[in-house]
file final09.cif (mmCIF, C-alpha atoms and all ligand atoms)
data_my_file
#
loop_
_atom_site.label_atom_id
_atom_site.label_comp_id
_atom_site.auth_asym_id
_atom_site.auth_seq_id
_atom_site.Cartn_x
_atom_site.Cartn_y
_atom_site.Cartn_z
CA MET O 1 -25.24 6.33 -4.34
CA GLN O 2 -21.85 8.08 -4.41
CA GLN O 3 -19.79 7.55 -7.54
CA LEU O 4 -16.70 5.38 -7.03
CA ARG O 5 -13.38 7.27 -7.03
CA LYS O 6 -10.89 6.01 -9.57
CA VAL O 7 -7.66 4.90 -7.91
CA LEU O 8 -4.43 3.66 -9.46
CA VAL O 9 -2.13 1.46 -7.38
CA THR O 10 1.21 1.22 -9.16
CA ARG O 11 2.50 -2.09 -7.76
CA ARG O 12 1.62 -5.29 -5.92
CA ILE O 13 1.50 -4.16 -2.29
CA PRO O 14 0.92 -6.11 0.94
CA LEU O 15 -2.67 -7.35 0.98
CA ALA O 16 -3.47 -5.60 4.25
CA GLY O 17 -3.35 -2.24 2.51
CA LEU O 18 -5.27 -3.39 -0.51
CA ARG O 19 -7.97 -4.79 1.78
CA VAL O 20 -8.34 -1.40 3.47
CA LEU O 21 -8.92 0.17 0.09
CA SER O 22 -11.39 -2.44 -1.15
CA GLN O 23 -13.37 -2.60 2.09
CA ALA O 24 -13.89 1.15 2.07
CA ALA O 25 -16.06 0.57 -0.99
CA VAL O 26 -15.40 4.05 -2.32
CA CYS O 27 -12.71 3.17 -4.86
CA ASP O 28 -12.66 1.71 -8.30
CA ILE O 29 -9.16 0.21 -8.00
CA LYS O 30 -6.87 -0.36 -10.92
CA GLN O 31 -3.60 -2.02 -9.97
CA TRP O 32 -0.31 -2.80 -11.68
CA ASN O 33 -0.29 -6.20 -10.01
CA SER O 34 3.38 -7.04 -10.37
CA ASP O 35 6.61 -6.95 -8.40
CA GLU O 36 8.18 -5.05 -11.29
CA PRO O 37 7.71 -1.27 -11.55
CA ILE O 38 4.90 -0.08 -13.75
CA PRO O 39 6.37 0.95 -17.14
CA ARG O 40 6.24 4.69 -17.67
CA ALA O 41 3.91 4.45 -20.68
CA GLU O 42 1.53 2.29 -18.67
CA LEU O 43 1.60 4.71 -15.75
CA LEU O 44 0.79 7.63 -18.04
CA LYS O 45 -2.06 5.68 -19.60
CA GLU O 46 -3.56 4.22 -16.44
CA VAL O 47 -3.39 7.38 -14.36
CA THR O 48 -5.70 9.20 -16.77
CA GLY O 49 -8.76 10.41 -14.93
CA ALA O 50 -7.57 9.03 -11.57
CA HIS O 51 -8.76 10.69 -8.36
CA GLY O 52 -6.14 8.91 -6.29
CA LEU O 53 -2.67 7.53 -6.95
CA LEU O 54 -0.97 5.08 -4.60
CA CYS O 55 2.63 5.02 -5.75
CA LEU O 56 6.09 3.81 -4.77
CA LEU O 57 9.48 5.49 -4.51
CA SER O 58 10.35 4.01 -7.91
CA ASP O 59 7.56 5.98 -9.64
CA LYS O 60 8.62 9.45 -10.67
CA VAL O 61 5.54 11.59 -10.21
CA ASP O 62 6.26 14.73 -12.19
CA LYS O 63 4.44 17.24 -14.38
CA GLU O 64 4.00 14.67 -17.13
CA VAL O 65 2.18 12.31 -14.77
CA LEU O 66 0.09 15.14 -13.32
CA ASP O 67 -0.86 16.27 -16.82
CA ALA O 68 -1.73 12.71 -17.80
CA ALA O 69 -3.86 12.32 -14.68
CA GLY O 70 -5.86 15.44 -15.38
CA PRO O 71 -7.84 17.74 -13.12
CA ASP O 72 -9.59 15.05 -11.07
CA LEU O 73 -6.43 13.98 -9.23
CA LYS O 74 -6.96 14.83 -5.56
CA VAL O 75 -4.49 12.66 -3.66
CA ILE O 76 -1.08 11.08 -4.09
CA SER O 77 -0.18 8.55 -1.43
CA THR O 78 3.34 7.20 -1.49
CA LEU O 79 4.35 3.95 0.17
CA SER O 80 7.49 5.55 1.56
CA VAL O 81 8.71 8.21 3.94
CA GLY O 82 11.08 9.58 1.29
CA PHE O 83 9.36 11.86 -1.21
CA ASP O 84 12.22 12.89 -3.50
CA HIS O 85 10.44 11.03 -6.34
CA LEU O 86 7.52 13.47 -6.14
CA ALA O 87 7.84 16.79 -7.98
CA LEU O 88 6.43 18.79 -5.10
CA GLU O 89 6.69 22.15 -6.87
CA ASP O 90 4.54 20.87 -9.74
CA ILE O 91 2.14 19.23 -7.32
CA LYS O 92 1.84 22.46 -5.33
CA ARG O 93 1.13 24.43 -8.50
CA ARG O 94 -2.06 22.40 -8.85
CA PHE O 95 -3.05 23.68 -5.43
CA PRO O 96 -4.81 27.04 -5.82
CA SER O 97 -2.93 29.31 -3.43
CA LYS O 98 -5.97 30.70 -1.69
CA LEU O 99 -7.04 27.17 -0.84
CA CYS O 100 -3.71 26.19 0.75
CA GLY O 101 -3.69 25.01 4.35
CA GLU O 102 -5.14 22.20 6.40
CA GLY O 103 -8.51 23.88 6.67
CA ASN O 104 -9.06 23.19 3.01
CA ALA O 105 -8.55 19.45 3.12
CA GLY O 106 -9.98 17.85 0.03
CA ARG O 107 -9.17 20.72 -2.35
CA GLY O 108 -6.21 20.56 -4.75
CA ILE O 109 -3.72 17.68 -4.64
CA ARG O 110 -2.77 16.39 -1.22
CA VAL O 111 0.15 14.09 -0.49
CA GLY O 112 0.35 11.25 2.02
CA TYR O 113 3.51 9.40 3.09
CA THR O 114 4.63 6.85 5.70
CA PRO O 115 6.85 8.38 8.39
CA ASP O 116 7.47 6.78 11.83
CA VAL O 117 6.13 3.30 11.05
CA LEU O 118 9.38 2.33 9.31
CA THR O 119 11.81 4.12 11.61
CA ASP O 120 12.65 1.10 13.79
CA ALA O 121 13.10 -1.30 10.89
CA THR O 122 15.32 1.13 8.99
CA ALA O 123 17.42 1.98 12.03
CA GLU O 124 17.86 -1.72 12.77
CA LEU O 125 19.01 -2.40 9.21
CA SER O 126 21.39 0.57 9.37
CA VAL O 127 23.02 -0.86 12.49
CA ALA O 128 23.24 -4.31 10.86
CA LEU O 129 24.90 -2.77 7.80
CA LEU O 130 27.31 -0.77 9.92
CA LEU O 131 28.39 -3.85 11.88
CA ALA O 132 28.61 -5.99 8.74
CA THR O 133 30.77 -3.36 7.04
CA GLY O 134 32.97 -2.39 9.99
CA ARG O 135 33.60 -6.00 11.02
CA ARG O 136 33.84 -7.24 7.40
CA LEU O 137 31.16 -9.92 7.73
CA PRO O 138 30.41 -10.61 4.02
CA GLU O 139 34.13 -10.88 3.29
CA ALA O 140 34.69 -13.19 6.27
CA VAL O 141 31.80 -15.47 5.28
CA GLN O 142 33.27 -15.66 1.80
CA GLU O 143 36.67 -16.67 3.21
CA VAL O 144 35.04 -19.56 5.07
CA LYS O 145 33.44 -20.75 1.84
CA ASN O 146 36.41 -20.30 -0.49
CA GLY O 147 39.11 -21.86 1.69
CA GLY O 148 40.73 -18.54 2.60
CA TRP O 149 40.31 -19.50 6.28
CA LYS O 150 43.60 -21.30 6.97
CA THR O 151 44.04 -20.73 10.68
CA TRP O 152 43.28 -18.30 13.48
CA ALA O 153 45.68 -15.43 12.84
CA PRO O 154 46.12 -12.36 15.03
CA GLU O 155 45.84 -9.80 12.26
CA TRP O 156 43.56 -11.58 9.85
CA MET O 157 40.07 -10.19 9.10
CA CYS O 158 40.39 -7.36 11.57
CA GLY O 159 37.94 -4.51 11.24
CA TYR O 160 36.62 -1.56 13.18
CA GLY O 161 34.39 -1.69 16.27
CA LEU O 162 32.15 0.88 17.91
CA SER O 163 33.66 0.88 21.37
CA GLU O 164 35.13 4.32 22.23
CA SER O 165 34.30 5.53 18.72
CA THR O 166 32.96 8.82 17.40
CA VAL O 167 29.83 8.43 15.29
CA GLY O 168 28.76 11.21 12.93
CA ILE O 169 25.16 11.26 11.75
CA ILE O 170 24.21 13.36 8.72
CA GLY O 171 20.53 14.11 9.30
CA LEU O 172 19.49 13.55 12.91
CA GLY O 173 15.83 13.06 11.99
CA ARG O 174 13.54 10.23 13.04
CA ILE O 175 15.77 7.49 11.61
CA GLY O 176 19.06 9.20 12.49
CA GLN O 177 18.03 9.43 16.13
CA ALA O 178 16.81 5.83 16.17
CA ILE O 179 20.16 4.67 14.78
CA GLY O 180 22.05 6.64 17.44
CA ARG O 181 19.85 5.22 20.20
CA ARG O 182 20.69 1.70 19.06
CA LEU O 183 24.42 2.39 18.71
CA LYS O 184 24.90 4.04 22.09
CA PRO O 185 24.97 0.76 24.11
CA PHE O 186 27.86 -0.45 21.92
CA GLY O 187 30.08 1.99 23.80
CA VAL O 188 30.15 4.94 21.41
CA ARG O 189 32.11 7.72 23.11
CA ARG O 190 30.80 10.70 21.17
CA PHE O 191 28.02 11.51 18.72
CA LEU O 192 28.25 14.33 16.18
CA TYR O 193 25.51 15.39 13.78
CA SER O 194 24.97 17.83 10.97
CA GLY O 195 21.88 19.14 9.25
CA ARG O 196 20.25 22.40 8.29
CA GLN O 197 20.24 23.62 11.85
CA SER O 198 21.03 22.60 15.39
CA ARG O 199 18.31 20.38 16.92
CA PRO O 200 18.93 20.45 20.69
CA GLU O 201 15.79 18.44 21.49
CA SER O 202 16.61 15.67 19.06
CA ALA O 203 20.25 15.65 20.15
CA ALA O 204 19.64 15.59 23.92
CA GLU O 205 19.27 11.83 24.37
CA LEU O 206 22.58 11.13 22.61
CA GLN O 207 24.25 14.30 23.89
CA ALA O 208 25.11 14.75 20.25
CA GLU O 209 27.11 17.78 19.18
CA TYR O 210 25.97 19.85 16.19
CA VAL O 211 28.93 20.39 13.85
CA PRO O 212 29.56 21.56 10.29
CA LEU O 213 29.82 18.76 7.73
CA ASP O 214 33.61 19.22 7.44
CA LYS O 215 34.17 18.65 11.12
CA LEU O 216 31.85 15.63 11.08
CA ALA O 217 33.91 14.12 8.24
CA GLU O 218 37.22 14.84 9.98
CA GLU O 219 36.35 13.54 13.43
CA SER O 220 34.01 10.58 12.89
CA ASP O 221 35.08 6.94 12.96
CA PHE O 222 31.70 6.02 11.50
CA VAL O 223 29.75 8.36 9.24
CA ILE O 224 26.07 7.51 8.83
CA VAL O 225 23.94 9.24 6.21
CA SER O 226 20.27 9.37 7.21
CA CYS O 227 19.11 12.69 5.76
CA SER O 228 16.44 13.18 3.15
CA LEU O 229 17.45 13.73 -0.46
CA ASN O 230 16.81 17.27 -1.67
CA PRO O 231 18.70 19.77 -3.83
CA GLU O 232 20.91 20.72 -0.85
CA THR O 233 21.89 17.17 0.07
CA ALA O 234 22.37 15.80 -3.46
CA GLY O 235 26.03 14.83 -3.87
CA ILE O 236 27.21 16.22 -0.50
CA CYS O 237 29.29 13.13 0.14
CA ASN O 238 31.85 13.79 -2.58
CA LYS O 239 35.61 13.87 -3.16
CA ASP O 240 36.11 16.78 -0.74
CA PHE O 241 34.06 15.07 1.92
CA PHE O 242 35.85 11.70 1.62
CA ARG O 243 39.23 13.45 1.56
CA LYS O 244 38.48 14.87 5.01
CA MET O 245 37.52 11.49 6.48
CA LYS O 246 40.03 9.38 8.39
CA LYS O 247 41.66 6.47 6.56
CA THR O 248 40.22 4.20 9.23
CA SER O 249 36.64 5.49 8.92
CA VAL O 250 33.59 3.56 7.82
CA PHE O 251 30.90 5.24 5.69
CA ILE O 252 27.26 4.08 5.80
CA ASN O 253 24.38 5.34 3.65
CA THR O 254 20.77 4.27 4.21
CA SER O 255 19.11 7.44 2.95
CA ARG O 256 19.18 7.85 -0.83
CA GLY O 257 21.93 6.96 -3.29
CA ALA O 258 22.10 10.44 -4.82
CA VAL O 259 23.41 11.97 -1.58
CA VAL O 260 26.69 10.28 -2.52
CA ASN O 261 28.90 10.85 -5.53
CA GLN O 262 29.56 7.18 -6.28
CA GLU O 263 32.60 7.76 -8.51
CA ASP O 264 34.23 9.71 -5.69
CA LEU O 265 33.28 7.01 -3.21
CA TYR O 266 34.82 4.36 -5.46
CA GLN O 267 38.10 6.32 -5.62
CA ALA O 268 38.09 6.84 -1.86
CA LEU O 269 37.65 3.09 -1.28
CA VAL O 270 40.21 1.98 -3.88
CA SER O 271 42.85 4.45 -2.77
CA GLY O 272 42.44 3.65 0.92
CA GLN O 273 41.23 7.18 1.62
CA ILE O 274 38.52 5.58 3.77
CA ALA O 275 38.36 2.06 5.20
CA ALA O 276 35.00 0.78 4.02
CA ALA O 277 31.49 1.67 2.93
CA GLY O 278 28.08 0.09 3.44
CA LEU O 279 25.26 1.20 1.16
CA ASP O 280 21.60 0.26 1.26
CA VAL O 281 20.83 2.75 -1.48
CA THR O 282 22.54 3.46 -4.78
CA VAL O 283 22.18 5.20 -8.12
CA PRO O 284 20.71 3.57 -10.07
CA GLU O 285 18.61 0.96 -8.33
CA PRO O 286 19.16 -1.84 -9.01
CA LEU O 287 22.90 -1.27 -9.33
CA PRO O 288 24.15 -3.00 -12.52
CA VAL O 289 25.91 -6.25 -11.62
CA ASP O 290 29.08 -5.06 -13.40
CA HIS O 291 29.26 -1.82 -11.40
CA PRO O 292 32.83 -1.08 -10.17
CA LEU O 293 31.66 -0.72 -6.54
CA LEU O 294 30.64 -4.38 -6.60
CA THR O 295 34.24 -5.45 -7.27
CA LEU O 296 35.44 -4.03 -3.94
CA LYS O 297 35.80 -6.18 -0.84
CA ASN O 298 35.51 -3.10 1.36
CA CYS O 299 32.11 -2.11 0.00
CA VAL O 300 28.96 -3.85 1.23
CA ILE O 301 25.89 -3.19 -0.88
CA LEU O 302 22.32 -4.09 -0.02
CA PRO O 303 19.26 -3.80 -2.31
CA HIS O 304 17.38 -0.98 -0.52
CA ILE O 305 15.93 -3.16 2.25
CA GLY O 306 15.91 -0.65 5.12
CA SER O 307 12.20 -1.01 5.87
CA ALA O 308 11.89 -4.59 4.66
CA THR O 309 10.30 -6.49 7.52
CA TYR O 310 6.95 -8.15 6.90
CA ALA O 311 5.34 -6.23 9.74
CA THR O 312 6.68 -2.86 8.64
CA ARG O 313 5.71 -3.27 5.01
CA ASN O 314 2.19 -4.35 6.07
CA THR O 315 1.86 -1.32 8.30
CA MET O 316 3.19 0.95 5.55
CA SER O 317 0.62 -0.40 3.10
CA VAL O 318 -2.24 0.13 5.56
CA LEU O 319 -1.05 3.66 6.30
CA ALA O 320 -0.69 4.47 2.60
CA ALA O 321 -4.20 3.14 1.97
CA ASN O 322 -5.66 5.16 4.84
CA ASN O 323 -3.86 8.29 3.65
CA LEU O 324 -5.35 7.78 0.23
CA LEU O 325 -8.88 7.25 1.55
CA ALA O 326 -8.69 10.29 3.81
CA GLY O 327 -7.51 12.37 0.86
CA LEU O 328 -10.38 11.15 -1.30
CA ARG O 329 -12.89 11.89 1.45
CA GLY O 330 -11.45 15.31 2.20
CA GLU O 331 -10.67 14.25 5.77
CA PRO O 332 -7.42 14.75 7.74
CA MET O 333 -4.85 12.14 6.72
CA PRO O 334 -3.09 9.94 9.28
CA SER O 335 0.23 11.13 7.76
CA GLU O 336 0.00 14.08 5.42
CA LEU O 337 2.98 15.80 3.89
CA HIS O 338 2.12 19.46 4.27
CA LEU O 339 3.09 21.20 1.06
P1 LIG O 401 13.23 13.03 8.78
O1 LIG O 401 12.50 14.05 8.02
O2 LIG O 401 12.84 12.73 10.17
O3 LIG O 401 14.78 13.34 8.76
C1 LIG O 401 15.38 13.91 7.65
C2 LIG O 401 16.69 14.49 8.08
O4 LIG O 401 17.32 15.02 6.91
C3 LIG O 401 16.56 15.63 9.08
O5 LIG O 401 17.42 15.37 10.16
C4 LIG O 401 17.05 16.83 8.31
O6 LIG O 401 17.84 17.71 9.08
C5 LIG O 401 17.98 16.19 7.29
N1 LIG O 401 18.20 17.12 6.19
C6 LIG O 401 17.29 17.65 5.36
N2 LIG O 401 17.89 18.55 4.56
C7 LIG O 401 19.19 18.58 4.92
C8 LIG O 401 20.30 19.31 4.49
N3 LIG O 401 20.18 20.21 3.51
N4 LIG O 401 21.51 19.06 5.06
C9 LIG O 401 21.62 18.14 6.04
N5 LIG O 401 20.58 17.44 6.52
C10 LIG O 401 19.38 17.66 5.96
O7 LIG O 401 13.12 11.70 7.89
P2 LIG O 401 13.37 10.18 8.31
O8 LIG O 401 14.43 10.11 9.32
O9 LIG O 401 12.07 9.54 8.59
O10 LIG O 401 13.90 9.58 6.91
C11 LIG O 401 15.08 10.07 6.35
C12 LIG O 401 15.31 9.51 4.96
O11 LIG O 401 15.69 8.15 5.03
C13 LIG O 401 14.10 9.49 4.04
O12 LIG O 401 13.91 10.77 3.43
C14 LIG O 401 14.44 8.44 3.05
O13 LIG O 401 15.09 9.00 1.94
C15 LIG O 401 15.41 7.53 3.80
N6 LIG O 401 14.86 6.21 4.07
C16 LIG O 401 15.50 5.11 3.56
C17 LIG O 401 15.05 3.85 3.84
C18 LIG O 401 15.73 2.66 3.30
O14 LIG O 401 15.06 1.67 3.03
N7 LIG O 401 17.04 2.68 3.14
C19 LIG O 401 13.84 3.62 4.66
C20 LIG O 401 13.26 4.85 5.15
C21 LIG O 401 13.76 6.08 4.85
P3 LIG O 401 17.26 19.10 9.63
O15 LIG O 401 16.47 18.72 10.79
O16 LIG O 401 18.45 19.90 9.97
O17 LIG O 401 16.47 19.68 8.52
C1 LIG O 402 11.33 5.09 2.21
O1 LIG O 402 10.25 4.85 2.79
O2 LIG O 402 11.63 6.22 1.84
C2 LIG O 402 12.27 3.95 1.98
O3 LIG O 402 13.29 4.23 1.15
C3 LIG O 402 11.63 2.64 1.71
O4 LIG O 402 10.89 2.25 2.81
#
call {"tool": "encode", "arguments": {"input": "final09.cif", "output": "structure tokens"}}
result
Amino acid sequence: MQQLRKVLVTRRIPLAGLRVLSQAAVCDIKQWNSDEPIPRAELLKEVTGAHGLLCLLSDKVDKEVLDAAGPDLKVISTLSVGFDHLALEDIKRRFPSKLCGEGNAGRGIRVGYTPDVLTDATAELSVALLLATGRRLPEAVQEVKNGGWKTWAPEWMCGYGLSESTVGIIGLGRIGQAIGRRLKPFGVRRFLYSGRQSRPESAAELQAEYVPLDKLAEESDFVIVSCSLNPETAGICNKDFFRKMKKTSVFINTSRGAVVNQEDLYQALVSGQIAAAGLDVTVPEPLPVDHPLLTLKNCVILPHIGSATYATRNTMSVLAANNLLAGLRGEPMPSELHL
């Protein structure tokens, strides 16, 4: 009989995924069965000798974790499409160069992730956040509750709508395109996008125009950040960027908090440099309840819920489990991140 592969699951995950792992009967599963992140010391202890690691975006998987795991670690499967929490360079270093490539599945450390299955949910949430921020929904609800609603007044609680607007998307990837597709029927006049390079195929449906970041900032009525976080995108939405935006523009970020310089964003919002911001992601997460951004009426902050529908999270957990199993078996993964 084949020896069971030791697997560490770093959080309580939807049962559907856990069932896939247990039913495969190839894993000896250890789980941090909590809604709280696994403490670092516990992660370092429990990962020792693991063949597989099913982790979350809140687990930093770096050299220390790889060292703690030891030489048996074959697969890291993250329950996310974002992989900025994984130290890919260190992971790659464990991958003997002559064994690189898909033909050598099962050798070295392989990485699985969850693209596509969360695109619709995240795009939907991004649109909801954009509308809530542009049309000031949280503030308006608050006014109803606190007696600020005295009468219907022509200039009270006015915001910004999408009709005839220019929308700029930073990162026209899977989610960026899905956001654009959903916004188009609202009457958007023009789509702009920026990224590492022009993507005519991705841009065709929206007839989106590839522009430098400066131009996107200057001409957009709504700026939406949907790029991945990497060394080139870290902090790109900073003082210079906000200074170029229109005073009437709305800024939305559903990618990763570190793409934005939050001190600069705070200043831009307080000084009226931009009209409003909606953030699903921040640094840190959770954002401390006394954070200055939380004092601003023109800043709507959500607790990183882009992919949070029951169906999507179930599907993500099943995909993450199947990625892990495929990695352990040396088979092609449903969604492998090619290093
Ligand atoms: P994709 O890989 O499809 O898209 C990533 C985009 O980032 C691409 O358009 C890419 O542009 C762009 N990008 C990468 N590097 C740069 C750069 N240096 N400058 C500008 N743009 C850059 O990923 P997804 O659309 O599936 O996901 C995007 C991100 O959204 C994830 O990485 C994750 O961080 C975040 N996310 C957040 C969620 C939430 O709950 N809020 C849920 C799901 C994802 P190019 O083509 O030019 O390289
Ligand atoms: C991701 O997958 O990267 C999100 O941030 C959470 O779904």
call {"tool": "residues_near_ligand", "arguments": {"input": "final09.cif", "ligand": "ligand LIG 401 (chain O)", "cutoff": "9 Å", "atoms": "all atoms listed in the file", "output": "VMD selection string"}}
result
chain O and resid 80 to 84 114 to 119 121 to 123 125 to 126 169 to 178 193 to 199 202 213 225 to 234 236 253 to 257 279 to 281 303 to 308
call {"tool": "residues_around", "arguments": {"input": "final09.cif", "residues": "Pro138 (chain O)", "least_positions_apart": "2", "cutoff": "10 Å", "atoms": "all atoms listed in the file", "output": "list in words"}}
result
Ala132, Thr133, Arg135, Arg136, Ala140, Val141, Gln142, Glu143, Lys297, Asn298, Cys299, Val300 and Ile301 of chain O
call {"tool": "axis_aligned_box", "arguments": {"input": "final09.cif", "around": "region 164-175 of chain O", "padding_each_side": "6 Å", "output": "AutoDock Vina command-line options"}}
result
--center_x 24.3 --center_y 9.2 --center_z 15.5 --size_x 33.6 --size_y 21.8 --size_z 25.5
call {"tool": "atom_distance", "arguments": {"input": "final09.cif", "atom1": "CA of Ser220 (chain O)", "atom2": "CA of Glu139 (chain O)"}}
result
23.5 Å
call {"tool": "residues_around", "arguments": {"input": "final09.cif", "residues": "Thr166 (chain O)", "least_positions_apart": "2", "cutoff": "6 Å", "atoms": "only C-alpha atoms", "output": "PyMOL selection string"}}
result
chain O and resi 189-191+220-221
call {"tool": "residues_around", "arguments": {"input": "final09.cif", "residues": "region 60-72 of chain O", "least_positions_apart": "6", "cutoff": "12 Å", "atoms": "only C-alpha atoms", "output": "PDB file with C-alpha atoms, in the frame of the given file"}}
result
ATOM      1  CA  ARG O   5     -13.380   7.270  -7.030  1.00  0.00           C
ATOM      2  CA  LYS O   6     -10.890   6.010  -9.570  1.00  0.00           C
ATOM      3  CA  VAL O   7      -7.660   4.900  -7.910  1.00  0.00           C
ATOM      4  CA  LEU O   8      -4.430   3.660  -9.460  1.00  0.00           C
ATOM      5  CA  THR O  10       1.210   1.220  -9.160  1.00  0.00           C
ATOM      6  CA  PRO O  37       7.710  -1.270 -11.550  1.00  0.00           C
ATOM      7  CA  ILE O  38       4.900  -0.080 -13.750  1.00  0.00           C
ATOM      8  CA  PRO O  39       6.370   0.950 -17.140  1.00  0.00           C
ATOM      9  CA  ARG O  40       6.240   4.690 -17.670  1.00  0.00           C
ATOM     10  CA  ALA O  41       3.910   4.450 -20.680  1.00  0.00           C
ATOM     11  CA  GLU O  42       1.530   2.290 -18.670  1.00  0.00           C
ATOM     12  CA  LEU O  43       1.600   4.710 -15.750  1.00  0.00           C
ATOM     13  CA  LEU O  44       0.790   7.630 -18.040  1.00  0.00           C
ATOM     14  CA  LYS O  45      -2.060   5.680 -19.600  1.00  0.00           C
ATOM     15  CA  GLU O  46      -3.560   4.220 -16.440  1.00  0.00           C
ATOM     16  CA  VAL O  47      -3.390   7.380 -14.360  1.00  0.00           C
ATOM     17  CA  THR O  48      -5.700   9.200 -16.770  1.00  0.00           C
ATOM     18  CA  GLY O  49      -8.760  10.410 -14.930  1.00  0.00           C
ATOM     19  CA  ALA O  50      -7.570   9.030 -11.570  1.00  0.00           C
ATOM     20  CA  HIS O  51      -8.760  10.690  -8.360  1.00  0.00           C
ATOM     21  CA  GLY O  52      -6.140   8.910  -6.290  1.00  0.00           C
ATOM     22  CA  LEU O  53      -2.670   7.530  -6.950  1.00  0.00           C
ATOM     23  CA  LEU O  54      -0.970   5.080  -4.600  1.00  0.00           C
ATOM     24  CA  THR O  78       3.340   7.200  -1.490  1.00  0.00           C
ATOM     25  CA  PHE O  83       9.360  11.860  -1.210  1.00  0.00           C
ATOM     26  CA  ASP O  84      12.220  12.890  -3.500  1.00  0.00           C
ATOM     27  CA  HIS O  85      10.440  11.030  -6.340  1.00  0.00           C
ATOM     28  CA  LEU O  86       7.520  13.470  -6.140  1.00  0.00           C
ATOM     29  CA  ALA O  87       7.840  16.790  -7.980  1.00  0.00           C
ATOM     30  CA  LEU O  88       6.430  18.790  -5.100  1.00  0.00           C
ATOM     31  CA  GLU O  89       6.690  22.150  -6.870  1.00  0.00           C
ATOM     32  CA  ASP O  90       4.540  20.870  -9.740  1.00  0.00           C
ATOM     33  CA  ILE O  91       2.140  19.230  -7.320  1.00  0.00           C
ATOM     34  CA  LYS O  92       1.840  22.460  -5.330  1.00  0.00           C
ATOM     35  CA  ARG O  93       1.130  24.430  -8.500  1.00  0.00           C
ATOM     36  CA  ARG O  94      -2.060  22.400  -8.850  1.00  0.00           C
ATOM     37  CA  PHE O  95      -3.050  23.680  -5.430  1.00  0.00           C
ATOM     38  CA  GLY O 106      -9.980  17.850   0.030  1.00  0.00           C
ATOM     39  CA  ARG O 107      -9.170  20.720  -2.350  1.00  0.00           C
ATOM     40  CA  GLY O 108      -6.210  20.560  -4.750  1.00  0.00           C
ATOM     41  CA  ILE O 109      -3.720  17.680  -4.640  1.00  0.00           C
ATOM     42  CA  VAL O 111       0.150  14.090  -0.490  1.00  0.00           C
ATOM     43  CA  LEU O 328     -10.380  11.150  -1.300  1.00  0.00           C
TER      44      LEU O 328
END
call {"tool": "atom_distance", "arguments": {"input": "final09.cif", "atom1": "CA of Pro288 (chain O)", "atom2": "CA of Ser249 (chain O)"}}
result
26.2 Å
call {"tool": "closest_residue", "arguments": {"input": "final09.cif", "among": "O:Leu129, O:Leu183, O:Ala203, O:Met316", "to": "ligand LIG 402 (chain O)", "atoms": "all atoms listed in the file"}}
result
O:Met316
call {"tool": "atom_distance", "arguments": {"input": "final09.cif", "atom1": "CA of Cys55 (chain O)", "atom2": "CA of Ala258 (chain O)"}}
result
20.2 Å
call {"tool": "residues_near_point", "arguments": {"input": "final09.cif", "point": "(-7.1, -3.1, -11.2)", "cutoff": "9 Å", "atoms": "only C-alpha atoms", "output": "list in words"}}
result
Val7, Leu8, Val9, Asp28, Ile29, Lys30, Gln31, Trp32 and Asn33 of chain O
call {"tool": "closest_residue", "arguments": {"input": "final09.cif", "among": "O:Tyr113, O:Phe186, O:Phe242, O:Tyr160", "to": "Leu137 (chain O)", "atoms": "only C-alpha atoms"}}
result
O:Tyr160
call {"tool": "residues_around", "arguments": {"input": "final09.cif", "residues": "Asp214 (chain O)", "least_positions_apart": "2", "cutoff": "7 Å", "atoms": "only C-alpha atoms", "output": "MDAnalysis selection string"}}
result
chainID O and resid 212 216:218 241 244
call {"tool": "closest_residue", "arguments": {"input": "final09.cif", "among": "O:Pro284, O:Gly327, O:Pro334, O:Gly147", "to": "Lys74 (chain O)", "atoms": "only C-alpha atoms"}}
result
O:Gly327
call {"tool": "closest_residue", "arguments": {"input": "final09.cif", "among": "O:Lys239, O:Lys246, O:Arg313, O:Lys150", "to": "Gly17 (chain O)", "atoms": "all atoms listed in the file"}}
result
O:Arg313
call {"tool": "closest_residue", "arguments": {"input": "final09.cif", "among": "O:Val144, O:Met157, O:Leu162, O:Leu192", "to": "Val211 (chain O)", "atoms": "all atoms listed in the file"}}
result
O:Leu192
call {"tool": "closest_residue", "arguments": {"input": "final09.cif", "among": "O:Ser34, O:Ser163, O:Ser317, O:Gln3", "to": "ligand LIG 402 (chain O)", "atoms": "only C-alpha atoms and all ligand atoms"}}
result
O:Ser317
